[in-house]
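S.K.: Handing you a structure now.
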Amino acid sequence: MLRKDVPVNRTWDTTGLYANEEAFEKALERANELLKEFDAYQGKLNKDNAIDCLNLTVEAERLGSRLYVYAMMKRDENTALPENQARIGKVHMLLTMFSSKLSFISPELSALDDSVLEEMKNDAKYADFSVVLYDIIRQKKHILSEKEEKVLAEVSAFSSGYQEVFTMFDNADLKFDDVLDSEGKSHPLSHGNYAVYLESKDPVLRKNAFKEYYKRYIAFINTVGTTYISSVKKDSALAKIRKYESALASALFNEDVPVEVYNNLVESVRKNTPKMHEYIKLRKEILGLDEMHMYDMYVALSKDVTMELEYEDAYELVCKALAPLGDEYNKILKKAYKNRWIDVYETENKRSGAYSVSIYDHTPFVLLNYTKTTSDIFTIAHEMGHAIHSYMSNAAQPFSKADYKIFVAEVASTVNEVLMLKYLLKSADEKMREFLLNYFISMVRTTLFRQTMFAEFEKFAHETYEQLKPVTPDLLNEEYLRLNKAYYGPGVEHDKEISYEWMRIPHFYRAFYVYKYATGITAAINIANKVLEEGADYVPKYFKMLSAGCSLPPVEILKLADVDLMSEEPFEIAMNEFASAVNELKKLKSK
């Protein structure tokens with residue numbers, strides 16, 4: 001479909017950002033002029049003039065954000081147009097200059113005495129920047145001398161390249177042979193269709209895809225192993241230089257999350273692995289397999305079921321499913337639909353996938369590539385969760401406190417998915433009920449159990465190095481296999497290839513990131529339950545969380561919605577939901 005053939009009301013309206021190209025260019029000029037105004041503050045920051053500098057920073061960042069989002073959205077409408085590529089190229093150059101020009105602010109503020117910074121933080125005129133100042137005070141002991149910081153900045157140019165090395169290997173250099181199905185038909189294998197083949201009803205195709213896929217990684221065990229181990233060493237070395245107890249402590253400190261949350265997640269999920277083992281046993285029975293292998297973990301347990309809805313009907317269904325969140329939430333949903341926040345259909349050269357993007361001075365926008373499938377209906381609910389989270393934070397907080405941390409970023413979107421699923425379950429026939437239960441079970445398996453297993457592996461790799469023990473590919477293989485057996489249990493054959501799965505996880509090059517998926521879905525399940533059980537008495541608490549931005553540490557923000565990730569309770573509730581879904585699926589399949 002060409003973009004010109006899409007009804008205007010099914011495209012997003014970017015004119016509220018910039019009415020035309022002339023307006024965009026004029027804003028770009030203004031942004032470049034703003035850069036010069038920072039010269040008046042560099043080398044001269046004190047408690048009296050810092051407020052003016054910080055206000056100027058807000059003006060620059062708001063303008064830069066608006067320019068970037070506009071350019072990005074235009075590019076994503078048609079990624080092939082040279083003018084779209086050139087526009088975002090200009091903005092990237094501007095943001096690089098912004099980063100360089102504003103880099104003096106944090107070090108100069110950090111150089112002020114703690115007592116001065118505390119005085120500023122408690123001063124009413126600095127109220128909008130209390131979190132900025134709180135972070136500077138918090139991080140002071142980890143900031144090095146100007147000379148040392150400069151050296152680290154230079155070193156980062158090459159020490160941060162391990163992820164890029166892996167990305168180039170994984171996406172550009174790694175090639176697979178074709179694989180055969182049970183009828184001898186050949187199929188091309190790639191990263192994209194590997195997941196499709198694992199979902200196939202053909203066991204031969206599943207097995208051959210699995211074997212060939214891992215065969216290629218195993219051939220490069222020394223190269224990829226050395227790359228990852230070097231990344232681990234880099235993480236630990238930088239943490240030590242900055243006086244953190246460990247790489248884990250460093251990563252969590254940057255988001256103001258206590259290490260206890262990470263450890264609590266691992267301990268709580270580990271304690272509940274028998275529930276996963278029960279599901280694996282049930283899965284094996286339903287599939288009728290004498291032996292179930294790791295490549296059988298993704299094939300559907302029920303016959304293909306889908307809801308084929310036009311976008312208009314799908315959006316209305318989402319509104320009905322999210323009705324427990326009340327009239328205010330529903331009004332925002334309707335406003336988004338009516339006022340063209342959403343770019344709906346796939347068109348030629350449009351960016352694939354889906355996302356939500358926030359602009360402080362404007363409504364959020366959502367990109368979809370909607371087709372009439374169950375998955376895409378859930379995607380509407382998911383992305384609108386992101387959008388309304390941003391909308392409410394931006395409305396309630398000043399610019400410097402509005403952008404919520406990644407730790408809470410997936411909570412609202414997953415709340416919407418859980419509410420959607422529970423709404424559909426209320427009226428589903430038996431076949432649809434089986435499908436939805438398995439959808440939820442798979443979500444929890446892959447997002448809570450699997451990501452926690454990844455979190456354990458990351459912790460092991462870094463702690464081993466930090467304890468001055470040798471880290472080798474063989475050791476990592478042994479640990480990964482041990483974890484796989486612990487999480488999946490005796491109901492599945494732990495194929496030797498699965499020992500190498502750590503080699504293909506790109507998130508491991510962004511250390512201690514994946515645990516946030518697990519804490520996010522845990523919080524979301526708890527919140528969705530409270531919305532449905534406590535109704536109007538609870539929703540204001542949830543809205544308070546959605547409106548908090550980054551005004552509090554993220555764990556404290558979740559406490560506003562009565563979710564305390566420092567305790568075991570939220571994890572127990574999520575695990576019991578999982579077990580309940582497994583038990584119901586078992587009853588349905590036994591009929």
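Residue numbers start at 1 in each chain; chains themselves are named A, B, ... in the order of the structure tokens; ligands are numbered from 1 in the order shown.
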Can you list every residue of range 297-382 of chain A that has an atom at most 10 Å from range 429-450 of chain A, with its nearest atom pair and the distance in Å to one decimal, using only C-alpha atoms, ordered by chain then number, as JSON lines?

M.R.:
```
{"residue": "A:Met297", "atom": "CA", "partner": "A:Ser442", "partner_atom": "CA", "distance": 9.4}
{"residue": "A:Tyr298", "atom": "CA", "partner": "A:Ser442", "partner_atom": "CA", "distance": 8.4}
{"residue": "A:Ala300", "atom": "CA", "partner": "A:Asn438", "partner_atom": "CA", "distance": 8.0}
{"residue": "A:Leu301", "atom": "CA", "partner": "A:Asn438", "partner_atom": "CA", "distance": 7.3}
{"residue": "A:Ser302", "atom": "CA", "partner": "A:Phe435", "partner_atom": "CA", "distance": 6.2}
{"residue": "A:Lys303", "atom": "CA", "partner": "A:Lys431", "partner_atom": "CA", "distance": 7.7}
{"residue": "A:Asp304", "atom": "CA", "partner": "A:Phe435", "partner_atom": "CA", "distance": 8.0}
{"residue": "A:Val305", "atom": "CA", "partner": "A:Met432", "partner_atom": "CA", "distance": 6.4}
{"residue": "A:Thr306", "atom": "CA", "partner": "A:Met432", "partner_atom": "CA", "distance": 7.9}
{"residue": "A:Met307", "atom": "CA", "partner": "A:Met432", "partner_atom": "CA", "distance": 9.2}
{"residue": "A:Thr374", "atom": "CA", "partner": "A:Leu436", "partner_atom": "CA", "distance": 9.8}
{"residue": "A:Ser375", "atom": "CA", "partner": "A:Tyr439", "partner_atom": "CA", "distance": 9.8}
```

S.K.: Just to be explicit: take each residue in the selection above, keep N, CA and C atoms, and write the result as a short mmCIF file (atom, residue, chain, number, x, y, z; two decimals), in the first residue's frame.

M.R.:
```cif
data_model
loop_
_atom_site.label_atom_id
_atom_site.label_comp_id
_atom_site.auth_asym_id
_atom_site.auth_seq_id
_atom_site.Cartn_x
_atom_site.Cartn_y
_atom_site.Cartn_z
N MET A 297 9.77 -26.04 22.38
CA MET A 297 9.23 -25.13 23.40
C MET A 297 8.32 -24.05 22.84
N TYR A 298 8.33 -23.86 21.51
CA TYR A 298 7.60 -22.72 20.95
C TYR A 298 6.41 -23.12 20.08
N ALA A 300 2.83 -24.16 19.01
CA ALA A 300 1.55 -23.86 19.66
C ALA A 300 0.90 -25.12 20.22
N LEU A 301 0.24 -24.99 21.36
CA LEU A 301 -0.43 -26.12 22.01
C LEU A 301 -1.87 -26.29 21.54
N SER A 302 -2.40 -25.31 20.85
CA SER A 302 -3.77 -25.39 20.36
C SER A 302 -3.78 -25.08 18.88
N LYS A 303 -4.87 -25.44 18.25
CA LYS A 303 -5.00 -25.15 16.82
C LYS A 303 -5.01 -23.63 16.62
N ASP A 304 -4.57 -23.24 15.44
CA ASP A 304 -4.48 -21.80 15.16
C ASP A 304 -5.82 -21.12 15.41
N VAL A 305 -5.78 -20.11 16.25
CA VAL A 305 -6.97 -19.31 16.57
C VAL A 305 -6.58 -17.86 16.41
N THR A 306 -7.42 -17.09 15.79
CA THR A 306 -7.14 -15.66 15.67
C THR A 306 -8.45 -14.89 15.55
N MET A 307 -8.40 -13.63 15.91
CA MET A 307 -9.53 -12.73 15.70
C MET A 307 -9.17 -11.81 14.55
N THR A 374 -4.78 -11.36 16.04
CA THR A 374 -4.86 -11.24 17.49
C THR A 374 -3.65 -10.51 18.04
N SER A 375 -2.47 -10.87 17.52
CA SER A 375 -1.23 -10.26 17.99
C SER A 375 -1.25 -8.75 17.82
#
```

S.K.: Determine, counting only C-alpha atoms, which protein, DNA and RNA residues have an atom within 9 Å of an atom of His187 in chain A; residues of the same chain fewer than 5 positions away are not included. Present the result as a ChimeraX atom specification.

M.R.: /A:177-181,205

S.K.: Write to file, as a PDB file, in the first residue's frame, the residues of the selection just made, with N, CA and C atoms.

M.R.:
```pdb
ATOM      1  N   ASP A 177      23.003 -22.549   6.452  1.00  0.00           N
ATOM      2  CA  ASP A 177      22.585 -23.378   5.332  1.00  0.00           C
ATOM      3  C   ASP A 177      21.073 -23.556   5.371  1.00  0.00           C
ATOM      4  N   ASP A 178      20.495 -23.930   4.229  1.00  0.00           N
ATOM      5  CA  ASP A 178      19.072 -24.243   4.191  1.00  0.00           C
ATOM      6  C   ASP A 178      18.804 -25.485   5.036  1.00  0.00           C
ATOM      7  N   VAL A 179      17.564 -25.615   5.502  1.00  0.00           N
ATOM      8  CA  VAL A 179      17.179 -26.776   6.318  1.00  0.00           C
ATOM      9  C   VAL A 179      16.005 -27.500   5.673  1.00  0.00           C
ATOM     10  N   LEU A 180      15.909 -28.803   5.925  1.00  0.00           N
ATOM     11  CA  LEU A 180      14.878 -29.637   5.316  1.00  0.00           C
ATOM     12  C   LEU A 180      13.722 -29.871   6.277  1.00  0.00           C
ATOM     13  N   ASP A 181      12.511 -29.990   5.712  1.00  0.00           N
ATOM     14  CA  ASP A 181      11.362 -30.375   6.524  1.00  0.00           C
ATOM     15  C   ASP A 181      11.126 -31.876   6.391  1.00  0.00           C
ATOM     16  N   LEU A 205      11.395 -30.162  10.785  1.00  0.00           N
ATOM     17  CA  LEU A 205      11.826 -28.796  10.465  1.00  0.00           C
ATOM     18  C   LEU A 205      12.315 -28.095  11.737  1.00  0.00           C
TER      19      LEU A 205
END
```

S.K.: Report, in Å to a single decimal, how far apart CA of His362 in chain A and CA of Trp341 in chain A are.

M.R.: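 One can read the CA of Trp341 in chain A to CA of His362 in chain A distance as 10.2 Å.
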
S.K.: Running DSSP on the backbone, which parts of range 225-389 of chain A land in strand (DSSP E), as number ranges by chain?

M.R.: A: 342-343, 355-357, 365-367

S.K.: Hey, what's within 6 Å of range 512-524 of chain A if we count only C-alpha atoms and toss same-chain stuff fewer than 5 positions away? As a VMD selection string, please?

M.R.: chain A and resid 407 410 to 411 414 to 415 447 to 448 451 to 452 455 574

S.K.: Name the residues in contact with Lys422 in chain A at a cut-off of 12 Å, using only C-alpha atoms, excluding same-chain residues fewer than 2 positions from it; report them as a PDB file with N, CA and C atoms, in the first residue's frame.

M.R.:
```
ATOM      1  N   VAL A 318     -10.175  -2.772  22.355  1.00  0.00           N
ATOM      2  CA  VAL A 318      -9.163  -2.362  23.326  1.00  0.00           C
ATOM      3  C   VAL A 318      -9.782  -1.409  24.353  1.00  0.00           C
ATOM      4  N   LYS A 320     -12.861  -1.239  25.340  1.00  0.00           N
ATOM      5  CA  LYS A 320     -13.734  -2.007  26.234  1.00  0.00           C
ATOM      6  C   LYS A 320     -12.908  -2.799  27.248  1.00  0.00           C
ATOM      7  N   ALA A 321     -11.811  -3.386  26.776  1.00  0.00           N
ATOM      8  CA  ALA A 321     -10.970  -4.196  27.659  1.00  0.00           C
ATOM      9  C   ALA A 321     -10.325  -3.355  28.755  1.00  0.00           C
ATOM     10  N   LEU A 322     -10.027  -2.098  28.435  1.00  0.00           N
ATOM     11  CA  LEU A 322      -9.356  -1.217  29.394  1.00  0.00           C
ATOM     12  C   LEU A 322     -10.337  -0.352  30.178  1.00  0.00           C
ATOM     13  N   PRO A 324     -11.922  -0.965  32.889  1.00  0.00           N
ATOM     14  CA  PRO A 324     -11.710  -0.927  34.340  1.00  0.00           C
ATOM     15  C   PRO A 324     -10.783   0.193  34.805  1.00  0.00           C
ATOM     16  N   PHE A 378      -3.390  -6.945  20.429  1.00  0.00           N
ATOM     17  CA  PHE A 378      -2.631  -6.786  21.675  1.00  0.00           C
ATOM     18  C   PHE A 378      -1.581  -5.684  21.542  1.00  0.00           C
ATOM     19  N   VAL A 415       0.516  -4.028  31.666  1.00  0.00           N
ATOM     20  CA  VAL A 415      -0.776  -3.960  32.373  1.00  0.00           C
ATOM     21  C   VAL A 415      -1.913  -4.020  31.359  1.00  0.00           C
ATOM     22  N   ASN A 416      -1.795  -3.239  30.302  1.00  0.00           N
ATOM     23  CA  ASN A 416      -2.845  -3.218  29.282  1.00  0.00           C
ATOM     24  C   ASN A 416      -3.008  -4.579  28.606  1.00  0.00           C
ATOM     25  N   GLU A 417      -1.900  -5.261  28.344  1.00  0.00           N
ATOM     26  CA  GLU A 417      -1.985  -6.590  27.730  1.00  0.00           C
ATOM     27  C   GLU A 417      -2.680  -7.581  28.655  1.00  0.00           C
ATOM     28  N   VAL A 418      -2.355  -7.539  29.936  1.00  0.00           N
ATOM     29  CA  VAL A 418      -2.969  -8.473  30.895  1.00  0.00           C
ATOM     30  C   VAL A 418      -4.460  -8.177  31.032  1.00  0.00           C
ATOM     31  N   LEU A 419      -4.824  -6.898  31.110  1.00  0.00           N
ATOM     32  CA  LEU A 419      -6.240  -6.530  31.180  1.00  0.00           C
ATOM     33  C   LEU A 419      -6.978  -6.966  29.921  1.00  0.00           C
ATOM     34  N   MET A 420      -6.332  -6.816  28.779  1.00  0.00           N
ATOM     35  CA  MET A 420      -6.913  -7.238  27.499  1.00  0.00           C
ATOM     36  C   MET A 420      -7.167  -8.747  27.508  1.00  0.00           C
ATOM     37  N   LEU A 424     -10.842 -10.730  27.339  1.00  0.00           N
ATOM     38  CA  LEU A 424     -11.174 -11.688  26.283  1.00  0.00           C
ATOM     39  C   LEU A 424     -11.526 -13.056  26.857  1.00  0.00           C
ATOM     40  N   LEU A 425     -10.849 -13.426  27.934  1.00  0.00           N
ATOM     41  CA  LEU A 425     -11.118 -14.725  28.552  1.00  0.00           C
ATOM     42  C   LEU A 425     -12.557 -14.831  29.050  1.00  0.00           C
ATOM     43  N   LYS A 426     -13.141 -13.703  29.437  1.00  0.00           N
ATOM     44  CA  LYS A 426     -14.498 -13.720  30.004  1.00  0.00           C
ATOM     45  C   LYS A 426     -15.536 -14.226  29.005  1.00  0.00           C
ATOM     46  N   SER A 427     -15.313 -13.993  27.723  1.00  0.00           N
ATOM     47  CA  SER A 427     -16.313 -14.382  26.721  1.00  0.00           C
ATOM     48  C   SER A 427     -15.776 -15.376  25.694  1.00  0.00           C
ATOM     49  N   ALA A 428     -14.590 -15.939  25.957  1.00  0.00           N
ATOM     50  CA  ALA A 428     -13.959 -16.815  24.968  1.00  0.00           C
ATOM     51  C   ALA A 428     -14.595 -18.209  24.954  1.00  0.00           C
ATOM     52  N   ARG A 433     -10.161 -19.849  24.471  1.00  0.00           N
ATOM     53  CA  ARG A 433      -9.674 -19.846  25.853  1.00  0.00           C
ATOM     54  C   ARG A 433      -8.316 -20.558  25.947  1.00  0.00           C
ATOM     55  N   LEU A 436      -5.686 -18.199  24.513  1.00  0.00           N
ATOM     56  CA  LEU A 436      -5.363 -17.071  25.382  1.00  0.00           C
ATOM     57  C   LEU A 436      -4.575 -17.511  26.616  1.00  0.00           C
ATOM     58  N   LEU A 437      -4.945 -18.644  27.175  1.00  0.00           N
ATOM     59  CA  LEU A 437      -4.207 -19.153  28.332  1.00  0.00           C
ATOM     60  C   LEU A 437      -2.750 -19.433  27.956  1.00  0.00           C
ATOM     61  N   TYR A 439      -1.160 -18.073  25.510  1.00  0.00           N
ATOM     62  CA  TYR A 439      -0.537 -16.774  25.227  1.00  0.00           C
ATOM     63  C   TYR A 439       0.029 -16.185  26.519  1.00  0.00           C
ATOM     64  N   PHE A 440      -0.774 -16.233  27.583  1.00  0.00           N
ATOM     65  CA  PHE A 440      -0.333 -15.694  28.868  1.00  0.00           C
ATOM     66  C   PHE A 440       0.808 -16.525  29.450  1.00  0.00           C
ATOM     67  N   ILE A 525       1.446  -7.656  36.276  1.00  0.00           N
ATOM     68  CA  ILE A 525       0.447  -8.661  36.682  1.00  0.00           C
ATOM     69  C   ILE A 525      -0.192  -8.253  38.004  1.00  0.00           C
ATOM     70  N   ALA A 528      -2.539  -5.174  37.331  1.00  0.00           N
ATOM     71  CA  ALA A 528      -3.761  -5.570  36.614  1.00  0.00           C
ATOM     72  C   ALA A 528      -4.729  -6.280  37.564  1.00  0.00           C
ATOM     73  N   ASN A 529      -4.204  -7.139  38.410  1.00  0.00           N
ATOM     74  CA  ASN A 529      -5.062  -7.825  39.389  1.00  0.00           C
ATOM     75  C   ASN A 529      -5.729  -6.839  40.334  1.00  0.00           C
ATOM     76  N   VAL A 531      -6.348  -3.673  39.799  1.00  0.00           N
ATOM     77  CA  VAL A 531      -7.343  -2.893  39.042  1.00  0.00           C
ATOM     78  C   VAL A 531      -8.664  -3.652  38.976  1.00  0.00           C
ATOM     79  N   LEU A 532      -8.587  -4.951  38.688  1.00  0.00           N
ATOM     80  CA  LEU A 532      -9.802  -5.748  38.535  1.00  0.00           C
ATOM     81  C   LEU A 532     -10.449  -6.092  39.883  1.00  0.00           C
ATOM     82  N   GLU A 577      -0.428 -16.718  39.414  1.00  0.00           N
ATOM     83  CA  GLU A 577      -1.195 -16.478  38.187  1.00  0.00           C
ATOM     84  C   GLU A 577      -0.758 -17.445  37.093  1.00  0.00           C
ATOM     85  N   ALA A 581      -3.084 -20.464  35.415  1.00  0.00           N
ATOM     86  CA  ALA A 581      -3.310 -20.591  33.970  1.00  0.00           C
ATOM     87  C   ALA A 581      -2.914 -21.984  33.484  1.00  0.00           C
TER      88      ALA A 581
END
```

S.K.: So how far away is CA of Pro203 in chain A from CA of Ala172 in chain A, in Å?

M.R.: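 CA of Pro203 in chain A lies at a distance of 28.8 Å from CA of Ala172 in chain A.
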
S.K.: Write out as a PyMOL selection string each polymer residue whose atoms come within 10 Å of range 389-406 of chain A, counting only C-alpha atoms; drop sequence neighbours fewer than 2 positions from it.

M.R.: chain A and resi 54-55+57-59+61-62+127-132+255-256+329+332+356-365+383-387+408-413+513+516-517+520+543-554+557

S.K.: What lies within 7 Å of range 113-119 of chain A using only C-alpha atoms, ignoring chain neighbours under 4 positions off, as number ranges by chain?

M.R.: A: 123, 133, 137

S.K.: Could you save those same residues with C-alpha atoms as an mmCIF file, in the first residue's frame?

M.R.:
```cif
data_model
loop_
_atom_site.group_PDB
_atom_site.id
_atom_site.type_symbol
_atom_site.label_atom_id
_atom_site.label_comp_id
_atom_site.auth_asym_id
_atom_site.auth_seq_id
_atom_site.Cartn_x
_atom_site.Cartn_y
_atom_site.Cartn_z
ATOM 1 C CA ASP A 123 15.606 25.762 47.546
ATOM 2 C CA LEU A 133 20.663 17.716 41.996
ATOM 3 C CA ILE A 137 24.927 14.435 45.051
#
```

S.K.: As number ranges by chain, please: the residues near Asp495 in chain A (cut-off 10 Å, only C-alpha atoms, same-chain neighbours under 4 positions excluded).

M.R.: A: 210-211, 292-295, 481, 499

S.K.: Please dump the current selection as an mmCIF file, in the first residue's frame; keep N, CA and C atoms.

M.R.:
```
data_model
loop_
_atom_site.group_PDB
_atom_site.id
_atom_site.type_symbol
_atom_site.label_atom_id
_atom_site.label_comp_id
_atom_site.auth_asym_id
_atom_site.auth_seq_id
_atom_site.Cartn_x
_atom_site.Cartn_y
_atom_site.Cartn_z
ATOM 1 N N PHE A 210 16.928 -25.900 14.524
ATOM 2 C CA PHE A 210 17.646 -25.765 15.790
ATOM 3 C C PHE A 210 19.102 -26.208 15.652
ATOM 4 N N LYS A 211 19.303 -27.377 15.059
ATOM 5 C CA LYS A 211 20.652 -27.926 14.927
ATOM 6 C C LYS A 211 21.529 -27.033 14.050
ATOM 7 N N MET A 292 10.550 -34.524 24.720
ATOM 8 C CA MET A 292 10.405 -33.126 24.322
ATOM 9 C C MET A 292 11.777 -32.456 24.400
ATOM 10 N N HIS A 293 12.105 -31.746 23.328
ATOM 11 C CA HIS A 293 13.402 -31.089 23.237
ATOM 12 C C HIS A 293 13.235 -29.576 23.359
ATOM 13 N N MET A 294 14.353 -28.878 23.515
ATOM 14 C CA MET A 294 14.302 -27.426 23.631
ATOM 15 C C MET A 294 13.715 -26.786 22.378
ATOM 16 N N TYR A 295 13.831 -27.460 21.233
ATOM 17 C CA TYR A 295 13.264 -26.899 20.004
ATOM 18 C C TYR A 295 11.762 -27.148 19.891
ATOM 19 N N LEU A 481 24.108 -24.420 30.920
ATOM 20 C CA LEU A 481 23.399 -25.701 30.910
ATOM 21 C C LEU A 481 22.829 -26.006 32.293
ATOM 22 N N SER A 499 23.531 -25.321 25.552
ATOM 23 C CA SER A 499 24.644 -24.814 26.365
ATOM 24 C C SER A 499 25.242 -23.550 25.763
#
```

S.K.: So, with only C-alpha atoms as the atoms that count, which of A:Pro274, A:Lys44, A:Ile286, A:Lys90 lies closest to Lys587 in chain A?

M.R.: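 Looking at the shortest contact to Lys587 in chain A, the residue is A:Ile286.
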
S.K.: Quick one: of A:Val151, A:Leu17, A:Ala80, A:Val165, who's nearest to Pro506 in chain A, counting only C-alpha atoms?

M.R.: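 Going through A:Val151, A:Leu17, A:Ala80, A:Val165 one by one, the smallest distance to Pro506 in chain A is for A:Val165.
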
S.K.: What does the distance from CA of Glu29 in chain A to CA of Ser103 in chain A come to in Å, to one decimal?

M.R.: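 Separating CA of Glu29 in chain A from CA of Ser103 in chain A is a distance of 20.9 Å.
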
S.K.: Of the candidates A:Leu368, A:Leu238, A:Ala561, A:Leu421, which one gets nearest to Leu317 in chain A if we count only C-alpha atoms?

M.R.: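 So, comparing all the options, the nearest one is A:Leu421.
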
S.K.: Using only C-alpha atoms, can you tell me which of A:Val563, A:Ile143, A:Val257, A:Leu34 comes closest to Ala111 in chain A?

M.R.: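 Smallest distance to Ala111 in chain A is found for A:Ile143.
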
S.K.: Pick out the closest residue to Thr14 in chain A from this set: A:Tyr41, A:Tyr194, A:Tyr70, A:Phe104. Count only C-alpha atoms.

M.R.: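 Looking only at the distances to Thr14 in chain A, the closest residue turns out to be A:Tyr70.
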
S.K.: In range 4-53 of chain A, what's alpha helix (DSSP H) per DSSP? Answer as a PDB file with C-alpha atoms, in the first residue's frame?

M.R.:
```pdb
ATOM      1  CA  GLU A  21       9.659  22.146   6.353  1.00  0.00           C
ATOM      2  CA  GLU A  22      10.267  25.863   6.699  1.00  0.00           C
ATOM      3  CA  ALA A  23       9.101  25.763  10.329  1.00  0.00           C
ATOM      4  CA  PHE A  24      11.384  22.799  11.007  1.00  0.00           C
ATOM      5  CA  GLU A  25      14.423  24.577   9.517  1.00  0.00           C
ATOM      6  CA  LYS A  26      13.686  27.724  11.525  1.00  0.00           C
ATOM      7  CA  ALA A  27      13.561  25.650  14.733  1.00  0.00           C
ATOM      8  CA  LEU A  28      16.835  24.016  13.767  1.00  0.00           C
ATOM      9  CA  GLU A  29      18.414  27.446  13.417  1.00  0.00           C
ATOM     10  CA  ARG A  30      17.100  28.470  16.829  1.00  0.00           C
ATOM     11  CA  ALA A  31      18.606  25.321  18.365  1.00  0.00           C
ATOM     12  CA  ASN A  32      22.018  26.163  16.918  1.00  0.00           C
ATOM     13  CA  GLU A  33      21.752  29.683  18.320  1.00  0.00           C
ATOM     14  CA  LEU A  34      20.955  28.297  21.777  1.00  0.00           C
ATOM     15  CA  LEU A  35      24.291  26.494  21.817  1.00  0.00           C
ATOM     16  CA  LYS A  36      26.152  29.811  21.931  1.00  0.00           C
ATOM     17  CA  GLU A  37      24.264  30.929  25.048  1.00  0.00           C
ATOM     18  CA  ALA A  50      23.060  27.529  37.979  1.00  0.00           C
ATOM     19  CA  ILE A  51      19.280  27.954  37.885  1.00  0.00           C
ATOM     20  CA  ASP A  52      19.546  30.082  34.731  1.00  0.00           C
ATOM     21  CA  CYS A  53      21.856  27.540  33.121  1.00  0.00           C
TER      22      CYS A  53
END
```
